[in-house]
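Since the structure comes first, as structure tokens, the remarks are kept for the end.
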Protein chains: 2
Amino acid sequence: MARWEPDAEGRLRDAAMALFTERGYDATTVGDIAERAGVTARTFFRYFADKREVLFAGSDDLERLMVTGLTAAPASAGPMQAVAAGLCASGEMFAGRRDFARRRQAVVAASPVLRERELIKMATLATALSDALRDRGVAAEVASLAAETGVAVFRVAFERWVTDPGGPDLAEVVRTTLADLADLTPG
Amino acid sequence: MARWEPDAEGRLRDAAMALFTERGYDATTVGDIAERAGVTARTFFRYFADKREVLFAGSDDLERLMVTGLTAAPASAGPMQAVAAGLCASGEMFAGRRDFARRRQAVVAASPVLRERELIKMATLATALSDALRDRGVAAEVASLAAETGVAVFRVAFERWVTDPGGPDLAEVVRTTLADLADLTPG
DNA sequence: AGGGTGATGTCACACCATGACATCACTGGG
DNA sequence: CCCAGTGATGTCATGGTGTGACATCACCCT
């Protein structure tokens with residue numbers, strides 16, 4: 001028998017989601033989470049830089065996925081089309097996880113400090129997309145504008161996707177939202 | 001003679017800006033700020049909800065200004081045009097303060113936790129603009145998209161404005177950035 | 001003159017986050 | 001078979017953050 005149960009990180013994530021859902025983020029201490037996961041608070045901070053980070057484990061993967069999708073877009077695609085390809089690539093990661101995404105979204109939405117963390121993840125994403133565009137030869141100012149706008153679209157699309165249980169998959173919603181934006185901007 | 005020097009809040013803001021500039025945000029404690037301002041740490045928290053907030057005093061004014069500008073747009077203006085009017089209204093608040101804005105921007109950019117706070121202020125702004133659009137009869141989904149996009153434009157425009165000391169005023173930069181976006185989205 | 005008001009101080013406390021060091025199952029070489 | 005090294009975890013100590021409860025005292029009003 002192992003000295004410790006395996007996958008402490010996973011247990012900490014599960015415990016955190018459960019407790020945040022039950023009592024809310026503020027009313028949950030790191031000690032509570034660690035206790036439910038069967039470790040000490042000190043161990044929590046070995047896996048997560050701070051209390052919030054426990055809910056944002058997959059964000060690096062999301063970023064990689066989108067950047068890869070953007071980079072894979074055909075050379076003939078314009079900046080916004082390339083960004084669109086990146087955004088749509090995220091669909092893969094969330095397929096079949098709409099329910100989990102909704103529960104997590106509810107927790108984040110209920111806590112200002114978690115919303116802050118979510119926002120900076122989105123901003124980091126925008127920077128990554130902007131850099132990837134520049135690698136394709138897009139001018140810096142155009143790249144950052146396209147990336148920022150793209151992330152704004154993604155936020156709206158994700159919100160739409162998560163609140164419409166029977167609706168189309170995420171990539172489809174992203175495409176629809178982009179079309180809506182195109183209708184909007186000339187006027 | 002008064003028992004306490006007047007304008008403790010202003011002194012706290014000044015002390016914070018000075019110390020954050022000198023040693024950085026993380027290396028500055030609330031106690032340091034309070035000491036330089038001639039009050040106790042407990043008093044700091046009576047004026048500001050937390051350590052970050054000391055740098056975000058004017059954000060309520062900014063929001064009010066933009067919402068007023070949006071609401072004042074002619075009824076014939078489309079959603080995006082109304083948002084544009086709101087964004088441009090902010091120019092008034094920053095006129096003649098480009099230098100201060102740049103110094104503040106440098107402090108915020110240097111600290112992840114301050115960037116988080118900045119982002120949530122922008123998100124709050126987007127919500128306020130979206131609500132104002134809905135009051136004009138704009139559909140909810142269109143309103144949020146226009147507001148999110150508008151705030152993305154504002155961020156880019158503010159960045160351009162702050163980094164170009166001799167450039168045109170903020171409202172002008174906002175208009176230019178919006179035009180850039182219009183060029184971008186059809187393609 | 002006396003009571004109310006409001007800004008501040010003082011004290012106590014829980015939580016967050018991190019450094020330093022100890023513990024002990026597991027692993028691989030001799 | 002044993003033993004030194006490794007790595008995940010625990011334990012302890014500490015500094016900073018944020019808040020509640022209550023005391024203080026110049027100022028204002030009547």
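Following the order of the structure tokens, first chain is A, next is B, and so on, with residues numbered from 1 inside each chain and ligands from 1 in the order they appear.
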
Using only C-alpha atoms, find each residue in chain B having at least one atom no more than 9 Å away from chain A; report its shortest atom-to-atom pair and that distance in Å (one decimal), rows by chain then rising number, as JSON lines.
{"residue": "B:Ala77", "atom": "CA", "partner": "A:Gly187", "partner_atom": "CA", "distance": 8.8}
{"residue": "B:Gly78", "atom": "CA", "partner": "A:Gly187", "partner_atom": "CA", "distance": 6.3}
{"residue": "B:Pro79", "atom": "CA", "partner": "A:Leu184", "partner_atom": "CA", "distance": 8.0}
{"residue": "B:Met80", "atom": "CA", "partner": "A:Thr185", "partner_atom": "CA", "distance": 6.7}
{"residue": "B:Gln81", "atom": "CA", "partner": "A:Gly187", "partner_atom": "CA", "distance": 7.4}
{"residue": "B:Pro112", "atom": "CA", "partner": "A:Ile120", "partner_atom": "CA", "distance": 8.3}
{"residue": "B:Val113", "atom": "CA", "partner": "A:Glu116", "partner_atom": "CA", "distance": 8.8}
{"residue": "B:Arg115", "atom": "CA", "partner": "A:Ile120", "partner_atom": "CA", "distance": 7.3}
{"residue": "B:Glu116", "atom": "CA", "partner": "A:Glu116", "partner_atom": "CA", "distance": 5.3}
{"residue": "B:Arg117", "atom": "CA", "partner": "A:Glu116", "partner_atom": "CA", "distance": 6.5}
{"residue": "B:Glu118", "atom": "CA", "partner": "A:Glu116", "partner_atom": "CA", "distance": 8.8}
{"residue": "B:Leu119", "atom": "CA", "partner": "A:Leu119", "partner_atom": "CA", "distance": 6.3}
{"residue": "B:Ile120", "atom": "CA", "partner": "A:Glu116", "partner_atom": "CA", "distance": 5.6}
{"residue": "B:Ala123", "atom": "CA", "partner": "A:Leu119", "partner_atom": "CA", "distance": 8.3}
{"residue": "B:Glu141", "atom": "CA", "partner": "A:Val156", "partner_atom": "CA", "distance": 8.4}
{"residue": "B:Val142", "atom": "CA", "partner": "A:Asp180", "partner_atom": "CA", "distance": 7.9}
{"residue": "B:Ser144", "atom": "CA", "partner": "A:Val156", "partner_atom": "CA", "distance": 7.6}
{"residue": "B:Leu145", "atom": "CA", "partner": "A:Val156", "partner_atom": "CA", "distance": 6.7}
{"residue": "B:Ala146", "atom": "CA", "partner": "A:Leu184", "partner_atom": "CA", "distance": 7.6}
{"residue": "B:Glu148", "atom": "CA", "partner": "A:Ala152", "partner_atom": "CA", "distance": 5.9}
{"residue": "B:Thr149", "atom": "CA", "partner": "A:Thr149", "partner_atom": "CA", "distance": 5.9}
{"residue": "B:Gly150", "atom": "CA", "partner": "A:Thr149", "partner_atom": "CA", "distance": 8.9}
{"residue": "B:Ala152", "atom": "CA", "partner": "A:Glu148", "partner_atom": "CA", "distance": 5.9}
{"residue": "B:Val153", "atom": "CA", "partner": "A:Leu145", "partner_atom": "CA", "distance": 7.2}
{"residue": "B:Arg155", "atom": "CA", "partner": "A:Glu148", "partner_atom": "CA", "distance": 8.9}
{"residue": "B:Val156", "atom": "CA", "partner": "A:Leu145", "partner_atom": "CA", "distance": 6.7}
{"residue": "B:Thr177", "atom": "CA", "partner": "A:Leu145", "partner_atom": "CA", "distance": 8.5}
{"residue": "B:Leu178", "atom": "CA", "partner": "A:Thr185", "partner_atom": "CA", "distance": 8.9}
{"residue": "B:Asp180", "atom": "CA", "partner": "A:Val142", "partner_atom": "CA", "distance": 7.9}
{"residue": "B:Leu181", "atom": "CA", "partner": "A:Leu145", "partner_atom": "CA", "distance": 7.2}
{"residue": "B:Ala182", "atom": "CA", "partner": "A:Thr185", "partner_atom": "CA", "distance": 5.8}
{"residue": "B:Asp183", "atom": "CA", "partner": "A:Pro186", "partner_atom": "CA", "distance": 8.8}
{"residue": "B:Leu184", "atom": "CA", "partner": "A:Met80", "partner_atom": "CA", "distance": 7.1}
{"residue": "B:Thr185", "atom": "CA", "partner": "A:Ala182", "partner_atom": "CA", "distance": 5.8}
{"residue": "B:Pro186", "atom": "CA", "partner": "A:Ala182", "partner_atom": "CA", "distance": 6.0}
{"residue": "B:Gly187", "atom": "CA", "partner": "A:Gly78", "partner_atom": "CA", "distance": 6.4}

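Selected on chain B by distance to chain D: Met1, Ala2, Arg3, Trp4, Thr29, Val30, Phe45, Ala49, Asp50 and Lys51 of chain B (within 9 Å, counting only C-alpha atoms (C1' of nucleotides)).
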
Expected file: the selected residues, N, CA, C and O atoms, as a PDB file, in the first residue's frame:
ATOM      1  N   MET B   1      -6.860  74.057  15.487  1.00  0.00           N
ATOM      2  CA  MET B   1      -6.235  73.031  14.647  1.00  0.00           C
ATOM      3  C   MET B   1      -7.052  71.743  14.678  1.00  0.00           C
ATOM      4  O   MET B   1      -7.530  71.309  15.714  1.00  0.00           O
ATOM      5  N   ALA B   2      -7.196  71.173  13.492  1.00  0.00           N
ATOM      6  CA  ALA B   2      -7.976  69.939  13.396  1.00  0.00           C
ATOM      7  C   ALA B   2      -7.254  68.793  14.084  1.00  0.00           C
ATOM      8  O   ALA B   2      -6.032  68.790  14.196  1.00  0.00           O
ATOM      9  N   ARG B   3      -8.046  67.873  14.543  1.00  0.00           N
ATOM     10  CA  ARG B   3      -7.425  66.737  15.214  1.00  0.00           C
ATOM     11  C   ARG B   3      -6.598  65.899  14.241  1.00  0.00           C
ATOM     12  O   ARG B   3      -5.561  65.358  14.572  1.00  0.00           O
ATOM     13  N   TRP B   4      -7.099  65.766  12.995  1.00  0.00           N
ATOM     14  CA  TRP B   4      -6.359  65.008  11.986  1.00  0.00           C
ATOM     15  C   TRP B   4      -6.157  65.850  10.734  1.00  0.00           C
ATOM     16  O   TRP B   4      -6.997  66.691  10.417  1.00  0.00           O
ATOM     17  N   THR B  29       3.648  47.060   1.685  1.00  0.00           N
ATOM     18  CA  THR B  29       2.546  46.583   2.518  1.00  0.00           C
ATOM     19  C   THR B  29       1.562  47.717   2.782  1.00  0.00           C
ATOM     20  O   THR B  29       1.896  48.902   2.657  1.00  0.00           O
ATOM     21  N   VAL B  30       0.369  47.332   3.130  1.00  0.00           N
ATOM     22  CA  VAL B  30      -0.638  48.322   3.486  1.00  0.00           C
ATOM     23  C   VAL B  30      -0.123  49.179   4.648  1.00  0.00           C
ATOM     24  O   VAL B  30      -0.363  50.388   4.694  1.00  0.00           O
ATOM     25  N   PHE B  45      -8.170  50.511   5.248  1.00  0.00           N
ATOM     26  CA  PHE B  45      -9.267  49.626   4.840  1.00  0.00           C
ATOM     27  C   PHE B  45     -10.633  50.256   5.046  1.00  0.00           C
ATOM     28  O   PHE B  45     -11.648  49.686   4.647  1.00  0.00           O
ATOM     29  N   ALA B  49     -11.527  48.981  -0.141  1.00  0.00           N
ATOM     30  CA  ALA B  49     -11.963  47.633   0.216  1.00  0.00           C
ATOM     31  C   ALA B  49     -10.783  46.679   0.331  1.00  0.00           C
ATOM     32  O   ALA B  49     -10.791  45.757   1.129  1.00  0.00           O
ATOM     33  N   ASP B  50      -9.762  46.876  -0.482  1.00  0.00           N
ATOM     34  CA  ASP B  50      -8.559  46.062  -0.373  1.00  0.00           C
ATOM     35  C   ASP B  50      -7.373  46.832  -0.926  1.00  0.00           C
ATOM     36  O   ASP B  50      -7.527  47.941  -1.434  1.00  0.00           O
ATOM     37  N   LYS B  51      -6.217  46.239  -0.838  1.00  0.00           N
ATOM     38  CA  LYS B  51      -4.973  46.925  -1.203  1.00  0.00           C
ATOM     39  C   LYS B  51      -4.959  47.389  -2.655  1.00  0.00           C
ATOM     40  O   LYS B  51      -4.399  48.433  -2.981  1.00  0.00           O
TER      41      LYS B  51
END

Sort by chain and increasing residue number a table of all residues of chain C within 12 Å of chain A, each with its closest pair of atoms and their distance in Å to one decimal, counting only C-alpha atoms (C1' of nucleotides), and write it as a tab-separated table.
residue	atom	partner	partner_atom	distance
C:DA14	C1'	A:Thr29	CA	10.1
C:DC15	C1'	A:Thr29	CA	7.4
C:DC16	C1'	A:Lys51	CA	8.4
C:DA17	C1'	A:Asp50	CA	7.6
C:DT18	C1'	A:Phe45	CA	8.9
C:DG19	C1'	A:Arg42	CA	11.5
C:DT23	C1'	A:Arg3	CA	11.6
C:DC24	C1'	A:Arg3	CA	8.3
C:DA25	C1'	A:Arg3	CA	5.5
C:DC26	C1'	A:Ala2	CA	8.6

Quick one: residues within 9 Å of Asp32 (chain B), only C-alpha atoms (C1' of nucleotides) counted, chain neighbours fewer than 5 positions away excluded, as an mmCIF file with N, CA and C atoms, in the first residue's frame?
data_model
loop_
_atom_site.group_PDB
_atom_site.id
_atom_site.type_symbol
_atom_site.label_atom_id
_atom_site.label_comp_id
_atom_site.auth_asym_id
_atom_site.auth_seq_id
_atom_site.Cartn_x
_atom_site.Cartn_y
_atom_site.Cartn_z
ATOM 1 N N ALA B 15 0.460 58.215 -1.491
ATOM 2 C CA ALA B 15 1.491 57.376 -0.878
ATOM 3 C C ALA B 15 1.596 56.042 -1.609
ATOM 4 N N ALA B 16 0.451 55.489 -1.951
ATOM 5 C CA ALA B 16 0.449 54.198 -2.632
ATOM 6 C C ALA B 16 1.125 54.297 -3.996
ATOM 7 N N LEU B 19 4.914 54.635 -3.472
ATOM 8 C CA LEU B 19 5.583 53.415 -3.012
ATOM 9 C C LEU B 19 5.550 52.311 -4.068
ATOM 10 N N ALA B 37 1.210 57.907 4.820
ATOM 11 C CA ALA B 37 0.073 58.833 4.782
ATOM 12 C C ALA B 37 -0.258 59.368 6.178
ATOM 13 N N ALA B 41 -3.059 51.263 9.429
ATOM 14 C CA ALA B 41 -3.498 50.341 8.384
ATOM 15 C C ALA B 41 -5.016 50.154 8.429
#

Would you write out chain B as an mmCIF file with C-alpha atoms, in the first residue's frame, after superposing it on chain A by least squares over all in-order Cα pairs?
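Final output, saved to superposed_6.cif:
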data_model
loop_
_atom_site.group_PDB
_atom_site.id
_atom_site.type_symbol
_atom_site.label_atom_id
_atom_site.label_comp_id
_atom_site.auth_asym_id
_atom_site.auth_seq_id
_atom_site.Cartn_x
_atom_site.Cartn_y
_atom_site.Cartn_z
ATOM 1 C CA MET B 1 0.291 0.014 -0.192
ATOM 2 C CA ALA B 2 1.361 3.488 -1.165
ATOM 3 C CA ARG B 3 2.228 5.897 1.537
ATOM 4 C CA TRP B 4 -0.254 8.443 0.159
ATOM 5 C CA GLU B 5 -3.362 8.115 -1.928
ATOM 6 C CA PRO B 6 -2.587 8.950 -5.564
ATOM 7 C CA ASP B 7 -3.799 12.034 -7.445
ATOM 8 C CA ALA B 8 -3.829 14.570 -4.659
ATOM 9 C CA GLU B 9 -4.259 17.297 -7.256
ATOM 10 C CA GLY B 10 -7.427 15.769 -8.655
ATOM 11 C CA ARG B 11 -8.841 15.265 -5.172
ATOM 12 C CA LEU B 12 -8.117 18.886 -4.325
ATOM 13 C CA ARG B 13 -9.905 20.078 -7.464
ATOM 14 C CA ASP B 14 -12.936 17.927 -6.755
ATOM 15 C CA ALA B 15 -13.059 18.961 -3.116
ATOM 16 C CA ALA B 16 -12.837 22.610 -4.067
ATOM 17 C CA MET B 17 -15.634 22.405 -6.638
ATOM 18 C CA ALA B 18 -17.839 20.586 -4.156
ATOM 19 C CA LEU B 19 -17.223 23.000 -1.288
ATOM 20 C CA PHE B 20 -17.487 26.121 -3.438
ATOM 21 C CA THR B 21 -20.817 24.835 -4.698
ATOM 22 C CA GLU B 22 -22.061 23.980 -1.218
ATOM 23 C CA ARG B 23 -21.046 27.052 0.734
ATOM 24 C CA GLY B 24 -19.570 29.458 -1.784
ATOM 25 C CA TYR B 25 -15.996 30.507 -2.419
ATOM 26 C CA ASP B 26 -15.563 32.974 0.423
ATOM 27 C CA ALA B 27 -16.960 30.674 3.075
ATOM 28 C CA THR B 28 -14.520 27.928 2.082
ATOM 29 C CA THR B 29 -10.972 28.009 3.435
ATOM 30 C CA VAL B 30 -7.976 26.353 1.891
ATOM 31 C CA GLY B 31 -7.845 24.270 5.066
ATOM 32 C CA ASP B 32 -11.356 22.981 4.383
ATOM 33 C CA ILE B 33 -10.432 21.948 0.858
ATOM 34 C CA ALA B 34 -7.234 20.266 1.953
ATOM 35 C CA GLU B 35 -8.980 18.421 4.771
ATOM 36 C CA ARG B 36 -11.643 17.025 2.457
ATOM 37 C CA ALA B 37 -8.920 15.945 0.035
ATOM 38 C CA GLY B 38 -6.986 14.287 2.862
ATOM 39 C CA VAL B 39 -3.886 16.490 2.718
ATOM 40 C CA THR B 40 -2.634 19.567 4.536
ATOM 41 C CA ALA B 41 -3.117 23.175 3.484
ATOM 42 C CA ARG B 42 0.597 23.405 2.722
ATOM 43 C CA THR B 43 0.193 20.707 0.111
ATOM 44 C CA PHE B 44 -2.620 22.642 -1.541
ATOM 45 C CA PHE B 45 -0.209 25.486 -2.222
ATOM 46 C CA ARG B 46 2.279 23.084 -3.757
ATOM 47 C CA TYR B 47 -0.237 22.274 -6.487
ATOM 48 C CA PHE B 48 -1.929 25.643 -6.880
ATOM 49 C CA ALA B 49 -0.313 29.061 -6.674
ATOM 50 C CA ASP B 50 -3.300 30.420 -4.767
ATOM 51 C CA LYS B 51 -6.817 29.535 -3.700
ATOM 52 C CA ARG B 52 -8.428 30.697 -6.958
ATOM 53 C CA GLU B 53 -6.142 28.746 -9.225
ATOM 54 C CA VAL B 54 -7.698 25.426 -8.219
ATOM 55 C CA LEU B 55 -10.591 26.211 -10.573
ATOM 56 C CA PHE B 56 -8.420 27.132 -13.560
ATOM 57 C CA ALA B 57 -6.387 24.023 -14.196
ATOM 58 C CA GLY B 58 -7.379 23.554 -17.842
ATOM 59 C CA SER B 59 -6.753 27.058 -19.072
ATOM 60 C CA ASP B 60 -3.268 26.281 -20.348
ATOM 61 C CA ASP B 61 -4.701 23.482 -22.453
ATOM 62 C CA LEU B 62 -7.350 25.788 -23.825
ATOM 63 C CA GLU B 63 -4.735 28.300 -24.837
ATOM 64 C CA ARG B 64 -2.572 25.696 -26.528
ATOM 65 C CA LEU B 65 -5.568 24.333 -28.397
ATOM 66 C CA MET B 66 -6.568 27.731 -29.725
ATOM 67 C CA VAL B 67 -3.068 28.753 -30.721
ATOM 68 C CA THR B 68 -2.636 25.470 -32.560
ATOM 69 C CA GLY B 69 -5.957 25.978 -34.327
ATOM 70 C CA LEU B 70 -4.987 29.495 -35.343
ATOM 71 C CA THR B 71 -1.586 28.470 -36.591
ATOM 72 C CA ALA B 72 -3.093 25.648 -38.625
ATOM 73 C CA ALA B 73 -5.385 28.010 -40.540
ATOM 74 C CA PRO B 74 -4.517 28.247 -44.259
ATOM 75 C CA ALA B 75 -2.080 30.999 -45.170
ATOM 76 C CA SER B 76 -4.775 32.558 -47.331
ATOM 77 C CA ALA B 77 -6.975 33.231 -44.294
ATOM 78 C CA GLY B 78 -7.140 36.823 -43.033
ATOM 79 C CA PRO B 79 -6.357 37.710 -39.397
ATOM 80 C CA MET B 80 -9.951 37.479 -38.257
ATOM 81 C CA GLN B 81 -10.503 34.199 -40.075
ATOM 82 C CA ALA B 82 -7.406 32.751 -38.465
ATOM 83 C CA VAL B 83 -8.596 33.851 -35.050
ATOM 84 C CA ALA B 84 -11.951 32.278 -35.799
ATOM 85 C CA ALA B 85 -10.230 28.986 -36.581
ATOM 86 C CA GLY B 86 -8.454 29.162 -33.231
ATOM 87 C CA LEU B 87 -11.616 29.894 -31.285
ATOM 88 C CA CYS B 88 -13.476 27.056 -32.933
ATOM 89 C CA ALA B 89 -10.712 24.614 -32.078
ATOM 90 C CA SER B 90 -11.739 24.987 -28.452
ATOM 91 C CA GLY B 91 -14.918 23.061 -29.175
ATOM 92 C CA GLU B 92 -12.955 19.832 -28.970
ATOM 93 C CA MET B 93 -11.999 20.471 -25.354
ATOM 94 C CA PHE B 94 -15.532 21.122 -24.168
ATOM 95 C CA ALA B 95 -17.379 18.478 -26.162
ATOM 96 C CA GLY B 96 -19.523 16.468 -23.758
ATOM 97 C CA ARG B 97 -18.638 18.704 -20.819
ATOM 98 C CA ARG B 98 -21.329 21.294 -21.130
ATOM 99 C CA ASP B 99 -22.823 20.300 -17.807
ATOM 100 C CA PHE B 100 -19.570 20.556 -15.908
ATOM 101 C CA ALA B 101 -18.836 23.843 -17.652
ATOM 102 C CA ARG B 102 -22.165 25.223 -16.507
ATOM 103 C CA ARG B 103 -21.611 24.265 -12.879
ATOM 104 C CA ARG B 104 -18.144 25.728 -12.905
ATOM 105 C CA GLN B 105 -19.415 28.847 -14.602
ATOM 106 C CA ALA B 106 -21.994 29.307 -11.846
ATOM 107 C CA VAL B 107 -19.334 29.134 -9.153
ATOM 108 C CA VAL B 108 -17.092 31.605 -10.941
ATOM 109 C CA ALA B 109 -19.946 34.005 -11.651
ATOM 110 C CA ALA B 110 -20.877 34.064 -7.969
ATOM 111 C CA SER B 111 -17.510 35.318 -6.788
ATOM 112 C CA PRO B 112 -15.868 38.592 -7.847
ATOM 113 C CA VAL B 113 -12.356 37.336 -7.157
ATOM 114 C CA LEU B 114 -12.943 34.280 -9.328
ATOM 115 C CA ARG B 115 -14.329 36.485 -12.078
ATOM 116 C CA GLU B 116 -11.125 38.493 -11.887
ATOM 117 C CA ARG B 117 -9.068 35.388 -12.372
ATOM 118 C CA GLU B 118 -11.227 34.262 -15.275
ATOM 119 C CA LEU B 119 -10.756 37.621 -16.942
ATOM 120 C CA ILE B 120 -6.997 37.546 -16.702
ATOM 121 C CA LYS B 121 -6.995 34.072 -18.202
ATOM 122 C CA MET B 122 -8.951 35.464 -21.129
ATOM 123 C CA ALA B 123 -6.514 38.362 -21.427
ATOM 124 C CA THR B 124 -3.581 35.969 -21.438
ATOM 125 C CA LEU B 125 -5.373 34.058 -24.155
ATOM 126 C CA ALA B 126 -5.746 37.241 -26.190
ATOM 127 C CA THR B 127 -2.031 37.899 -25.891
ATOM 128 C CA ALA B 128 -1.219 34.372 -27.027
ATOM 129 C CA LEU B 129 -3.515 34.676 -30.033
ATOM 130 C CA SER B 130 -2.036 38.057 -30.881
ATOM 131 C CA ASP B 131 1.476 36.634 -30.764
ATOM 132 C CA ALA B 132 0.441 33.749 -32.974
ATOM 133 C CA LEU B 133 -0.997 36.203 -35.486
ATOM 134 C CA ARG B 134 2.224 38.165 -35.542
ATOM 135 C CA ASP B 135 4.078 34.952 -36.285
ATOM 136 C CA ARG B 136 1.954 34.776 -39.425
ATOM 137 C CA GLY B 137 3.169 38.207 -40.428
ATOM 138 C CA VAL B 138 0.197 40.232 -39.193
ATOM 139 C CA ALA B 139 1.075 43.752 -38.050
ATOM 140 C CA ALA B 140 1.192 44.183 -34.294
ATOM 141 C CA GLU B 141 -1.670 46.651 -33.976
ATOM 142 C CA VAL B 142 -3.957 44.648 -36.205
ATOM 143 C CA ALA B 143 -3.007 41.467 -34.402
ATOM 144 C CA SER B 144 -3.893 42.741 -30.947
ATOM 145 C CA LEU B 145 -7.153 44.209 -32.128
ATOM 146 C CA ALA B 146 -8.180 41.006 -33.868
ATOM 147 C CA ALA B 147 -7.196 38.936 -30.839
ATOM 148 C CA GLU B 148 -8.998 41.141 -28.317
ATOM 149 C CA THR B 149 -12.090 41.174 -30.459
ATOM 150 C CA GLY B 150 -11.876 37.441 -30.971
ATOM 151 C CA VAL B 151 -11.724 36.790 -27.248
ATOM 152 C CA ALA B 152 -14.691 39.096 -26.675
ATOM 153 C CA VAL B 153 -16.581 37.015 -29.229
ATOM 154 C CA PHE B 154 -15.503 33.816 -27.511
ATOM 155 C CA ARG B 155 -16.778 35.034 -24.164
ATOM 156 C CA VAL B 156 -20.154 35.879 -25.580
ATOM 157 C CA ALA B 157 -20.283 32.615 -27.512
ATOM 158 C CA PHE B 158 -19.291 30.521 -24.499
ATOM 159 C CA GLU B 159 -21.989 32.190 -22.454
ATOM 160 C CA ARG B 160 -24.559 31.438 -25.136
ATOM 161 C CA TRP B 161 -23.377 27.843 -25.452
ATOM 162 C CA VAL B 162 -23.426 27.155 -21.733
ATOM 163 C CA THR B 163 -26.902 28.558 -21.192
ATOM 164 C CA ASP B 164 -28.490 26.618 -24.055
ATOM 165 C CA PRO B 165 -28.275 22.945 -23.063
ATOM 166 C CA GLY B 166 -29.754 21.537 -26.252
ATOM 167 C CA GLY B 167 -28.086 24.018 -28.600
ATOM 168 C CA PRO B 168 -25.397 23.464 -31.231
ATOM 169 C CA ASP B 169 -21.821 22.672 -30.271
ATOM 170 C CA LEU B 170 -19.408 25.375 -29.209
ATOM 171 C CA ALA B 171 -17.646 25.776 -32.545
ATOM 172 C CA GLU B 172 -20.980 26.357 -34.231
ATOM 173 C CA VAL B 173 -21.994 28.990 -31.671
ATOM 174 C CA VAL B 174 -18.660 30.737 -32.171
ATOM 175 C CA ARG B 175 -19.286 30.909 -35.914
ATOM 176 C CA THR B 176 -22.772 32.299 -35.381
ATOM 177 C CA THR B 177 -21.504 34.926 -32.955
ATOM 178 C CA LEU B 178 -18.800 36.012 -35.365
ATOM 179 C CA ALA B 179 -21.410 36.414 -38.077
ATOM 180 C CA ASP B 180 -23.471 38.558 -35.697
ATOM 181 C CA LEU B 181 -20.454 40.763 -35.107
ATOM 182 C CA ALA B 182 -19.842 41.164 -38.833
ATOM 183 C CA ASP B 183 -23.455 42.332 -39.204
ATOM 184 C CA LEU B 184 -22.931 44.808 -36.401
ATOM 185 C CA THR B 185 -19.676 46.574 -37.161
ATOM 186 C CA PRO B 186 -20.364 48.231 -40.523
ATOM 187 C CA GLY B 187 -23.434 49.937 -39.023
#

> Would you give me, as a count of residues only, the residues in chain A that DSSP reads as alpha helix (DSSP H)?
Replying inline: 133
